Amino acid sequence: MNTFLLLLIGIPIIEIYLFIKLGSQIGAFNTILLIFITAFFGIIYARYEGFNTLKSGMSQMVKNELPVYEIISGAALAFAALLLILPGFATDFLGLLIIFPPTRKLIFKRVSIKKKPINKKQDFINGEFEDIEDENDRKL
């Protein structure tokens, strides 16, 4: 819960800071125009990449393989499109990083947890048994 609270407060503070700094350098109108341009082109590119991911996922399903990467990639693209819709330069930068396939793969490699295989091979099952004689078994 603390991480969520920090993000809820920290992201708007960073965005406001960047708006003020960049707005003083290039002007208010250019800053607003830049926000709309990054959102527009980012969403168009996210849509393009989303269709590519969908095509790749369909080809995986035709091969009877589970499209795990494509499912995760599609969710990441939806999140990136949301970040691009939100006004701000930090969220736009993060959204653009997620949209591009090479950086998305790097992010997935960093975030994914790989378990080391256990080399311990067991060919037996430990257990206990009890031999119970039944009256029906004696008659046969």
# chains A, B, ... in the order shown; residues from 1 in each chain; ligands from 1
call {"tool": "residues_around", "arguments": {"residues": "A:Tyr17", "least_positions_apart": "5", "cutoff": "12 Å", "atoms": "only C-alpha atoms", "output": "PyMOL selection string"}}
result
chain A and resi 10-12+22-24+88-90
call {"tool": "residues_around", "arguments": {"residues": "A:Leu86", "least_positions_apart": "3", "cutoff": "12 Å", "atoms": "only C-alpha atoms", "output": "PDB file with all heavy atoms, in the first residue's frame"}}
result
ATOM      1  N   ILE A  11       4.159  10.603  -8.900  1.00  0.00           N
ATOM      2  CA  ILE A  11       4.046  10.789 -10.352  1.00  0.00           C
ATOM      3  C   ILE A  11       3.502  12.169 -10.710  1.00  0.00           C
ATOM      4  O   ILE A  11       4.082  12.845 -11.567  1.00  0.00           O
ATOM      5  CB  ILE A  11       3.215   9.645 -10.987  1.00  0.00           C
ATOM      6  CG1 ILE A  11       4.023   8.360 -10.910  1.00  0.00           C
ATOM      7  CG2 ILE A  11       2.846   9.964 -12.432  1.00  0.00           C
ATOM      8  CD1 ILE A  11       3.286   7.130 -11.384  1.00  0.00           C
ATOM      9  N   PRO A  12       2.424  12.650 -10.092  1.00  0.00           N
ATOM     10  CA  PRO A  12       1.975  14.009 -10.435  1.00  0.00           C
ATOM     11  C   PRO A  12       2.998  15.095 -10.103  1.00  0.00           C
ATOM     12  O   PRO A  12       3.118  16.081 -10.839  1.00  0.00           O
ATOM     13  CB  PRO A  12       0.700  14.199  -9.614  1.00  0.00           C
ATOM     14  CG  PRO A  12       0.208  12.831  -9.357  1.00  0.00           C
ATOM     15  CD  PRO A  12       1.432  11.981  -9.248  1.00  0.00           C
ATOM     16  N   GLU A  15       5.507  15.025 -12.893  1.00  0.00           N
ATOM     17  CA  GLU A  15       4.902  15.574 -14.112  1.00  0.00           C
ATOM     18  C   GLU A  15       4.769  17.098 -14.042  1.00  0.00           C
ATOM     19  O   GLU A  15       5.058  17.789 -15.020  1.00  0.00           O
ATOM     20  CB  GLU A  15       3.531  14.936 -14.370  1.00  0.00           C
ATOM     21  CG  GLU A  15       3.564  13.460 -14.653  1.00  0.00           C
ATOM     22  CD  GLU A  15       4.224  13.075 -15.954  1.00  0.00           C
ATOM     23  OE1 GLU A  15       4.674  13.955 -16.725  1.00  0.00           O
ATOM     24  OE2 GLU A  15       4.309  11.869 -16.213  1.00  0.00           O
ATOM     25  N   ILE A  35       2.480  17.532 -25.813  1.00  0.00           N
ATOM     26  CA  ILE A  35       1.728  16.510 -25.064  1.00  0.00           C
ATOM     27  C   ILE A  35       0.734  15.810 -25.981  1.00  0.00           C
ATOM     28  O   ILE A  35       0.622  14.581 -25.989  1.00  0.00           O
ATOM     29  CB  ILE A  35       1.018  17.137 -23.853  1.00  0.00           C
ATOM     30  CG1 ILE A  35       2.045  17.542 -22.804  1.00  0.00           C
ATOM     31  CG2 ILE A  35       0.017  16.162 -23.246  1.00  0.00           C
ATOM     32  CD1 ILE A  35       1.469  18.404 -21.710  1.00  0.00           C
ATOM     33  N   PHE A  36       0.000  16.593 -26.774  1.00  0.00           N
ATOM     34  CA  PHE A  36      -0.977  15.999 -27.676  1.00  0.00           C
ATOM     35  C   PHE A  36      -0.314  15.192 -28.795  1.00  0.00           C
ATOM     36  O   PHE A  36      -0.805  14.128 -29.184  1.00  0.00           O
ATOM     37  CB  PHE A  36      -1.890  17.074 -28.276  1.00  0.00           C
ATOM     38  CG  PHE A  36      -2.944  17.553 -27.326  1.00  0.00           C
ATOM     39  CD1 PHE A  36      -3.010  18.885 -26.965  1.00  0.00           C
ATOM     40  CD2 PHE A  36      -3.878  16.674 -26.797  1.00  0.00           C
ATOM     41  CE1 PHE A  36      -3.977  19.328 -26.085  1.00  0.00           C
ATOM     42  CE2 PHE A  36      -4.847  17.106 -25.927  1.00  0.00           C
ATOM     43  CZ  PHE A  36      -4.905  18.442 -25.565  1.00  0.00           C
ATOM     44  N   THR A  38       2.666  13.608 -28.709  1.00  0.00           N
ATOM     45  CA  THR A  38       3.188  12.335 -28.195  1.00  0.00           C
ATOM     46  C   THR A  38       2.057  11.357 -27.909  1.00  0.00           C
ATOM     47  O   THR A  38       2.197  10.158 -28.160  1.00  0.00           O
ATOM     48  CB  THR A  38       4.037  12.550 -26.932  1.00  0.00           C
ATOM     49  OG1 THR A  38       3.261  13.218 -25.949  1.00  0.00           O
ATOM     50  CG2 THR A  38       5.306  13.312 -27.235  1.00  0.00           C
ATOM     51  N   ALA A  39       0.953  11.850 -27.390  1.00  0.00           N
ATOM     52  CA  ALA A  39      -0.186  10.965 -27.122  1.00  0.00           C
ATOM     53  C   ALA A  39      -0.746  10.405 -28.432  1.00  0.00           C
ATOM     54  O   ALA A  39      -1.018   9.198 -28.533  1.00  0.00           O
ATOM     55  CB  ALA A  39      -1.263  11.703 -26.353  1.00  0.00           C
ATOM     56  N   PHE A  40      -0.908  11.249 -29.435  1.00  0.00           N
ATOM     57  CA  PHE A  40      -1.491  10.825 -30.706  1.00  0.00           C
ATOM     58  C   PHE A  40      -0.616   9.779 -31.403  1.00  0.00           C
ATOM     59  O   PHE A  40      -1.085   8.689 -31.756  1.00  0.00           O
ATOM     60  CB  PHE A  40      -1.694  12.040 -31.623  1.00  0.00           C
ATOM     61  CG  PHE A  40      -2.252  11.711 -32.962  1.00  0.00           C
ATOM     62  CD1 PHE A  40      -3.583  11.348 -33.107  1.00  0.00           C
ATOM     63  CD2 PHE A  40      -1.441  11.750 -34.089  1.00  0.00           C
ATOM     64  CE1 PHE A  40      -4.097  11.035 -34.351  1.00  0.00           C
ATOM     65  CE2 PHE A  40      -1.948  11.440 -35.338  1.00  0.00           C
ATOM     66  CZ  PHE A  40      -3.282  11.082 -35.465  1.00  0.00           C
ATOM     67  N   GLY A  42       1.869   8.065 -30.146  1.00  0.00           N
ATOM     68  CA  GLY A  42       2.081   6.909 -29.273  1.00  0.00           C
ATOM     69  C   GLY A  42       0.936   5.928 -29.341  1.00  0.00           C
ATOM     70  O   GLY A  42       1.142   4.709 -29.396  1.00  0.00           O
ATOM     71  N   ILE A  43      -0.286   6.432 -29.370  1.00  0.00           N
ATOM     72  CA  ILE A  43      -1.444   5.547 -29.448  1.00  0.00           C
ATOM     73  C   ILE A  43      -1.513   4.862 -30.812  1.00  0.00           C
ATOM     74  O   ILE A  43      -1.835   3.676 -30.906  1.00  0.00           O
ATOM     75  CB  ILE A  43      -2.733   6.329 -29.136  1.00  0.00           C
ATOM     76  CG1 ILE A  43      -2.742   6.695 -27.646  1.00  0.00           C
ATOM     77  CG2 ILE A  43      -3.965   5.517 -29.490  1.00  0.00           C
ATOM     78  CD1 ILE A  43      -3.848   7.620 -27.260  1.00  0.00           C
ATOM     79  N   PHE A  79      -1.193  -1.172 -21.213  1.00  0.00           N
ATOM     80  CA  PHE A  79      -0.706  -0.296 -20.157  1.00  0.00           C
ATOM     81  C   PHE A  79       0.065   0.882 -20.735  1.00  0.00           C
ATOM     82  O   PHE A  79      -0.061   2.017 -20.271  1.00  0.00           O
ATOM     83  CB  PHE A  79       0.171  -1.098 -19.183  1.00  0.00           C
ATOM     84  CG  PHE A  79       0.721  -0.289 -18.053  1.00  0.00           C
ATOM     85  CD1 PHE A  79      -0.108   0.251 -17.085  1.00  0.00           C
ATOM     86  CD2 PHE A  79       2.088  -0.047 -17.961  1.00  0.00           C
ATOM     87  CE1 PHE A  79       0.403   1.003 -16.042  1.00  0.00           C
ATOM     88  CE2 PHE A  79       2.609   0.701 -16.929  1.00  0.00           C
ATOM     89  CZ  PHE A  79       1.765   1.229 -15.960  1.00  0.00           C
ATOM     90  N   ALA A  80       0.862   0.620 -21.775  1.00  0.00           N
ATOM     91  CA  ALA A  80       1.625   1.694 -22.423  1.00  0.00           C
ATOM     92  C   ALA A  80       0.696   2.706 -23.076  1.00  0.00           C
ATOM     93  O   ALA A  80       0.938   3.912 -23.016  1.00  0.00           O
ATOM     94  CB  ALA A  80       2.577   1.111 -23.461  1.00  0.00           C
ATOM     95  N   ALA A  81      -0.377   2.232 -23.705  1.00  0.00           N
ATOM     96  CA  ALA A  81      -1.342   3.154 -24.306  1.00  0.00           C
ATOM     97  C   ALA A  81      -1.997   4.014 -23.236  1.00  0.00           C
ATOM     98  O   ALA A  81      -2.221   5.215 -23.439  1.00  0.00           O
ATOM     99  CB  ALA A  81      -2.389   2.375 -25.086  1.00  0.00           C
ATOM    100  N   LEU A  82      -2.283   3.434 -22.077  1.00  0.00           N
ATOM    101  CA  LEU A  82      -2.844   4.211 -20.967  1.00  0.00           C
ATOM    102  C   LEU A  82      -1.855   5.277 -20.501  1.00  0.00           C
ATOM    103  O   LEU A  82      -2.245   6.428 -20.242  1.00  0.00           O
ATOM    104  CB  LEU A  82      -3.211   3.293 -19.802  1.00  0.00           C
ATOM    105  CG  LEU A  82      -3.707   3.985 -18.541  1.00  0.00           C
ATOM    106  CD1 LEU A  82      -5.092   4.573 -18.776  1.00  0.00           C
ATOM    107  CD2 LEU A  82      -3.723   3.030 -17.384  1.00  0.00           C
ATOM    108  N   LEU A  83      -0.584   4.916 -20.408  1.00  0.00           N
ATOM    109  CA  LEU A  83       0.430   5.883 -20.009  1.00  0.00           C
ATOM    110  C   LEU A  83       0.559   7.016 -21.030  1.00  0.00           C
ATOM    111  O   LEU A  83       0.811   8.165 -20.663  1.00  0.00           O
ATOM    112  CB  LEU A  83       1.795   5.206 -19.832  1.00  0.00           C
ATOM    113  CG  LEU A  83       1.950   4.310 -18.611  1.00  0.00           C
ATOM    114  CD1 LEU A  83       3.305   3.622 -18.639  1.00  0.00           C
ATOM    115  CD2 LEU A  83       1.770   5.092 -17.327  1.00  0.00           C
ATOM    116  N   PHE A  89       5.182  14.126 -19.437  1.00  0.00           N
ATOM    117  CA  PHE A  89       6.348  13.689 -20.192  1.00  0.00           C
ATOM    118  C   PHE A  89       6.973  12.427 -19.614  1.00  0.00           C
ATOM    119  O   PHE A  89       7.480  11.589 -20.355  1.00  0.00           O
ATOM    120  CB  PHE A  89       7.375  14.818 -20.264  1.00  0.00           C
ATOM    121  CG  PHE A  89       6.851  16.011 -20.999  1.00  0.00           C
ATOM    122  CD1 PHE A  89       6.606  17.196 -20.335  1.00  0.00           C
ATOM    123  CD2 PHE A  89       6.577  15.940 -22.351  1.00  0.00           C
ATOM    124  CE1 PHE A  89       6.107  18.285 -21.009  1.00  0.00           C
ATOM    125  CE2 PHE A  89       6.081  17.032 -23.032  1.00  0.00           C
ATOM    126  CZ  PHE A  89       5.843  18.208 -22.366  1.00  0.00           C
ATOM    127  N   ALA A  90       6.942  12.263 -18.319  1.00  0.00           N
ATOM    128  CA  ALA A  90       7.516  11.065 -17.706  1.00  0.00           C
ATOM    129  C   ALA A  90       6.680   9.834 -18.070  1.00  0.00           C
ATOM    130  O   ALA A  90       7.229   8.780 -18.409  1.00  0.00           O
ATOM    131  CB  ALA A  90       7.603  11.223 -16.191  1.00  0.00           C
ATOM    132  N   THR A  91       5.354   9.953 -18.019  1.00  0.00           N
ATOM    133  CA  THR A  91       4.505   8.820 -18.389  1.00  0.00           C
ATOM    134  C   THR A  91       4.600   8.530 -19.877  1.00  0.00           C
ATOM    135  O   THR A  91       4.555   7.371 -20.281  1.00  0.00           O
ATOM    136  CB  THR A  91       3.042   9.084 -17.994  1.00  0.00           C
ATOM    137  OG1 THR A  91       2.613  10.319 -18.557  1.00  0.00           O
ATOM    138  CG2 THR A  91       2.873   9.096 -16.491  1.00  0.00           C
ATOM    139  N   ASP A  92       4.748   9.577 -20.704  1.00  0.00           N
ATOM    140  CA  ASP A  92       4.930   9.362 -22.141  1.00  0.00           C
ATOM    141  C   ASP A  92       6.235   8.629 -22.417  1.00  0.00           C
ATOM    142  O   ASP A  92       6.275   7.710 -23.240  1.00  0.00           O
ATOM    143  CB  ASP A  92       4.933  10.693 -22.897  1.00  0.00           C
ATOM    144  CG  ASP A  92       3.553  11.288 -23.022  1.00  0.00           C
ATOM    145  OD1 ASP A  92       2.570  10.586 -22.723  1.00  0.00           O
ATOM    146  OD2 ASP A  92       3.457  12.462 -23.413  1.00  0.00           O
ATOM    147  N   PHE A  93       7.294   9.011 -21.733  1.00  0.00           N
ATOM    148  CA  PHE A  93       8.590   8.359 -21.924  1.00  0.00           C
ATOM    149  C   PHE A  93       8.506   6.887 -21.525  1.00  0.00           C
ATOM    150  O   PHE A  93       8.976   6.012 -22.264  1.00  0.00           O
ATOM    151  CB  PHE A  93       9.660   9.087 -21.108  1.00  0.00           C
ATOM    152  CG  PHE A  93      11.016   8.486 -21.238  1.00  0.00           C
ATOM    153  CD1 PHE A  93      11.748   8.617 -22.416  1.00  0.00           C
ATOM    154  CD2 PHE A  93      11.572   7.771 -20.193  1.00  0.00           C
ATOM    155  CE1 PHE A  93      13.000   8.046 -22.549  1.00  0.00           C
ATOM    156  CE2 PHE A  93      12.822   7.202 -20.309  1.00  0.00           C
ATOM    157  CZ  PHE A  93      13.544   7.335 -21.487  1.00  0.00           C
ATOM    158  N   LEU A  94       7.891   6.597 -20.385  1.00  0.00           N
ATOM    159  CA  LEU A  94       7.752   5.211 -19.940  1.00  0.00           C
ATOM    160  C   LEU A  94       6.858   4.421 -20.895  1.00  0.00           C
ATOM    161  O   LEU A  94       7.157   3.266 -21.234  1.00  0.00           O
ATOM    162  CB  LEU A  94       7.188   5.165 -18.520  1.00  0.00           C
ATOM    163  CG  LEU A  94       7.068   3.795 -17.878  1.00  0.00           C
ATOM    164  CD1 LEU A  94       8.435   3.137 -17.770  1.00  0.00           C
ATOM    165  CD2 LEU A  94       6.434   3.915 -16.510  1.00  0.00           C
ATOM    166  N   GLY A  95       5.780   5.039 -21.366  1.00  0.00           N
ATOM    167  CA  GLY A  95       4.905   4.378 -22.322  1.00  0.00           C
ATOM    168  C   GLY A  95       5.603   4.062 -23.630  1.00  0.00           C
ATOM    169  O   GLY A  95       5.420   2.986 -24.195  1.00  0.00           O
TER     170      GLY A  95
END
call {"tool": "closest_atom_pairs", "arguments": {"of": "stretch 5-69 of chain A", "to": "stretch 97-104 of chain A", "cutoff": "12 Å", "atoms": "only C-alpha atoms", "output": "CSV"}}
result
residue,atom,partner,partner_atom,distance
A:Phe41,CA,A:Ile99,CA,11.4
A:Gly42,CA,A:Ile99,CA,8.1
A:Ile43,CA,A:Ile99,CA,9.4
A:Ile44,CA,A:Ile99,CA,10.7
A:Tyr45,CA,A:Ile99,CA,7.6
A:Ala46,CA,A:Ile99,CA,6.0
A:Arg47,CA,A:Ile99,CA,9.6
A:Tyr48,CA,A:Ile99,CA,9.8
A:Glu49,CA,A:Ile99,CA,7.3
A:Gly50,CA,A:Ile99,CA,9.1
A:Asn52,CA,A:Pro101,CA,10.5
A:Thr53,CA,A:Pro101,CA,9.9
A:Tyr69,CA,A:Arg104,CA,10.7
call {"tool": "write_last_selection", "arguments": {"atoms": "C-alpha atoms", "output": "compact mmCIF listing (two decimals), in the first residue's frame"}}
result
# COMPACT_ATOMS: atom_id res chain seq x y z
CA PHE A 41 1.54 9.15 -32.28
CA GLY A 42 2.08 6.91 -29.27
CA ILE A 43 -1.44 5.55 -29.45
CA ILE A 44 -1.18 4.96 -33.20
CA TYR A 45 2.09 3.06 -32.74
CA ALA A 46 0.63 1.10 -29.79
CA ARG A 47 -2.25 0.06 -32.03
CA TYR A 48 0.20 -1.03 -34.75
CA GLU A 49 2.26 -3.07 -32.29
CA GLY A 50 -0.92 -4.50 -30.79
CA ASN A 52 1.49 -7.33 -34.70
CA THR A 53 1.27 -9.02 -31.31
CA TYR A 69 4.79 -13.83 -24.53
call {"tool": "atom_distance", "arguments": {"atom1": "atom CA of A:Phe108", "atom2": "atom CA of A:Leu18"}}
result
27.4 Å
call {"tool": "atom_distance", "arguments": {"atom1": "atom CA of A:Leu106", "atom2": "atom CA of A:Ser56"}}
result
18.7 Å
